[in-house]
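A.B. asks: Before I ask anything, here is the structure I am working with.
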Amino acid sequence: MHKVELFIPCFIDQLYPETAFNTVKLLEKAGCKVVYNTDQTCCGQPAYNAGFWDDAKKIGQKFLNDFNDEHPIVSPSASCVGMVRGGYDDLFTNSIEHNKCRSIQRNIFEISDFLVNVLQKEYFGAELVGTAVYHDSCSALRECKIKEEPRRLLSHVGGLEIVEMRDQETCCGFGGTFAVKFEGISAAMAEQKVQNALNVKADYIISTDSSCLLQLQAYIEKNQLPIKTMHLVDVLTSGWANI
């Protein structure tokens with residue numbers, strides 16, 4: 001049995017707690033013993049992206065102390081995994097935390113990457129009827145090099161057809177503080193992404209980053225459109241009996 005440490009990002013903790021619980025269920029179904037440190041907080045990405053690197057380093061130091069580098073650390077967020085793997089190079093290279101940081105960076109995984117490439121498991125008995133597009137988040141695609149893993153997992157979901165949409169790899173427009181500083185551009189990018197999904201008659205937009213889903217769902221609800229966003233983890237735990 002694999003012992004894994006679970007990292008739940010701020011977005012999921014505050015806005016999508018059900019996704020966090022489903023992550024535990026999914027990892028347990030994959031044969032893992034899940035450990036959750038309730039003292040964990042943020043990875044430091046918001047401060048880092050805003051240019052407050054001293055603050056980001058303080059938060060990052062707490063992150064390094066909150067997790068054990070002897071076990072895989074799994075998170076349902078490519079964005080936060082990308083921050084630890086990449087952003088921490090700027091914060092901790094040649095610092096007193098250098099070695100611990102490198103060990104953590106080697107041991108942190110986005111959940112689809114962990115399931116497919118580490119555990120080598122793709123089928124979890126999920127069922128969801130409909131047509132869906134998978135949204136490649138910038139962090140998953142560009143920082144974590146994740147593209148095929150979520151699609152392979154989704155291909156085993158009963159009743160679900162995955163189709164590709166136009167401008168598949170284009171950003172949804174969230175980008176953290178980008179959505180606040182450039183609201184008009186951000187909203188137009190969300191509109192384009194949702195319309196591309198509607199054009200292929202998708203019922204669902206699925207992603208491994210809740211921040212992207214928040215951005216797209218806001219546009220969907222504002223315009224009362226017949227499509228829904230879902231986190232990859234929530235799809236992979238859909239239709240389970242007695243859970």
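As shown in the structure tokens, the chain order sets the letters A, B, ...; within each chain, residues go from 1, and ligands are also counted from 1 in the order they appear.
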Write out as a list in words the residues lying within 8 Å of region 86-88 of chain A, counting only C-alpha atoms and excluding same-chain residues fewer than 6 positions away.

C.D. replies: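 Those residues are Gln45, Tyr48, Gly60, Cys101 and Glu143 of chain A.
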
A.B. asks: Store the residues picked out above, limited to C-alpha atoms, as a PDB file, in the first residue's frame.

C.D. replies:
```pdb
ATOM      1  CA  GLN A  45       1.723  31.032  -5.380  1.00  0.00           C
ATOM      2  CA  TYR A  48       4.869  34.775  -5.768  1.00  0.00           C
ATOM      3  CA  GLY A  60       6.910  28.239   1.114  1.00  0.00           C
ATOM      4  CA  CYS A 101      13.104  21.684  -1.297  1.00  0.00           C
ATOM      5  CA  GLU A 143       4.585  23.558 -16.086  1.00  0.00           C
TER       6      GLU A 143
END
```

A.B. asks: Fewer than 6 positions away in the same chain doesn't count, so skip those; otherwise give me all residues within 10 Å of region 186-203 of chain A, counting only C-alpha atoms, as JSON, numbers by chain.

C.D. replies: {"A": [129, 130, 131, 132, 133, 134, 135, 160, 161, 162, 163, 164, 165, 166, 167, 168, 169, 170, 171, 172, 173, 174, 175, 178, 179, 180, 212, 213, 215, 216, 217, 218, 219, 220, 223, 225, 226, 227, 228, 229]}

A.B. asks: Tell me, which residues of region 3-243 of chain A carry DSSP strand (DSSP E or B), written as a VMD selection string?

C.D. replies: chain A and resid 3 to 6 32 to 35 73 to 75 108 to 110 127 to 134 158 to 162 204 to 207 228 to 231

A.B. asks: Need the shell around region 11-26 of chain A: protein/DNA/RNA residues with any atom at most 10 Å away, counting only C-alpha atoms. Skip same-chain ones fewer than 6 positions apart. Format as a PyMOL selection string?

C.D. replies: chain A and resi 32-36+41-42+74-77+111+115+124+209-211+214+230-238+243

A.B. asks: Could you name the residues that touch region 146-148 of chain A at 7 Å or less, counting only C-alpha atoms, but leaving out those on the same chain fewer than 4 positions away, as a list in words?

C.D. replies: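 Returned residues: Asp113, Asp136, Ala140, Leu141 and Arg152 of chain A.
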
A.B. asks: Counting only C-alpha atoms, which residue out of A:Ala78, A:Leu154, A:Leu6, A:Val84 sits closest to Gly44 (chain A)?

C.D. replies: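 Of the candidates, the smallest distance to Gly44 (chain A) is held by A:Val84.
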
A.B. asks: Restricting the calculation to only C-alpha atoms: of A:Pro150, A:Pro9, A:Gly51, A:Pro46, which residue gets closest to Ile206 (chain A)?

C.D. replies: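 Smallest separation from Ile206 (chain A) among the options: A:Pro150.
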
A.B. asks: Excluding Ile104 (chain A) and any residue of its chain fewer than 4 positions from it, enumerate the residues within 9 Å of it, using only C-alpha atoms, and give them as a ChimeraX atom specification.

C.D. replies: /A:64,67-73,84-85,99-100,108

A.B. asks: Take the residues from that selection and put them in a file with C-alpha atoms, as a PDB file, in the first residue's frame.

C.D. replies:
```
ATOM      1  CA  LEU A  64       8.297  22.533   3.208  1.00  0.00           C
ATOM      2  CA  PHE A  67       5.178  17.839   4.359  1.00  0.00           C
ATOM      3  CA  ASN A  68       7.364  14.757   4.680  1.00  0.00           C
ATOM      4  CA  ASP A  69       9.728  14.325   1.745  1.00  0.00           C
ATOM      5  CA  GLU A  70       9.840  10.547   2.237  1.00  0.00           C
ATOM      6  CA  HIS A  71       6.372   9.988   0.756  1.00  0.00           C
ATOM      7  CA  PRO A  72       4.649  11.097  -2.454  1.00  0.00           C
ATOM      8  CA  ILE A  73       2.707  14.346  -2.048  1.00  0.00           C
ATOM      9  CA  VAL A  84       6.356  23.957  -5.983  1.00  0.00           C
ATOM     10  CA  ARG A  85       8.251  22.292  -8.815  1.00  0.00           C
ATOM     11  CA  ASN A  99      18.038  20.040  -0.088  1.00  0.00           C
ATOM     12  CA  LYS A 100      14.615  19.656   1.539  1.00  0.00           C
ATOM     13  CA  ILE A 108       5.051  16.133  -5.449  1.00  0.00           C
TER      14      ILE A 108
END
```

A.B. asks: Among region 9-229 of chain A, which residues carry a DSSP assignment of helix (DSSP H, G or I), reported as number ranges by chain?

C.D. replies: A: 10-15, 17-29, 45-49, 53-66, 78-92, 98-107, 111-118, 138-143, 148-154, 178-181, 183-199, 210-222

A.B. asks: Considering only C-alpha atoms, state which residue in the set A:Lys145, A:Arg102, A:Lys121, A:Lys58 is at the smallest distance from Cys43 (chain A).

C.D. replies: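 Ranked by minimum distance to Cys43 (chain A), first place goes to A:Lys58.
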
A.B. asks: Between A:Ser155, A:Gln40, A:Asn107, A:Thr93, which one has atoms that come closest to Glu122 (chain A), using only C-alpha atoms?

C.D. replies: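 For Glu122 (chain A), the nearest of the given residues is A:Ser155.
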
A.B. asks: Quote the spacing between CA of Gly82 (chain A) and CA of Glu110 (chain A) in Å to one decimal place.

C.D. replies: 8.7 Å

A.B. asks: Can you work out which one of A:Ala56, A:Ala30, A:Ile8, A:Val157 has the shortest atom-to-atom distance to Met83 (chain A), counting only C-alpha atoms?

C.D. replies: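 Of all the options, A:Ala56 lies closest to Met83 (chain A).
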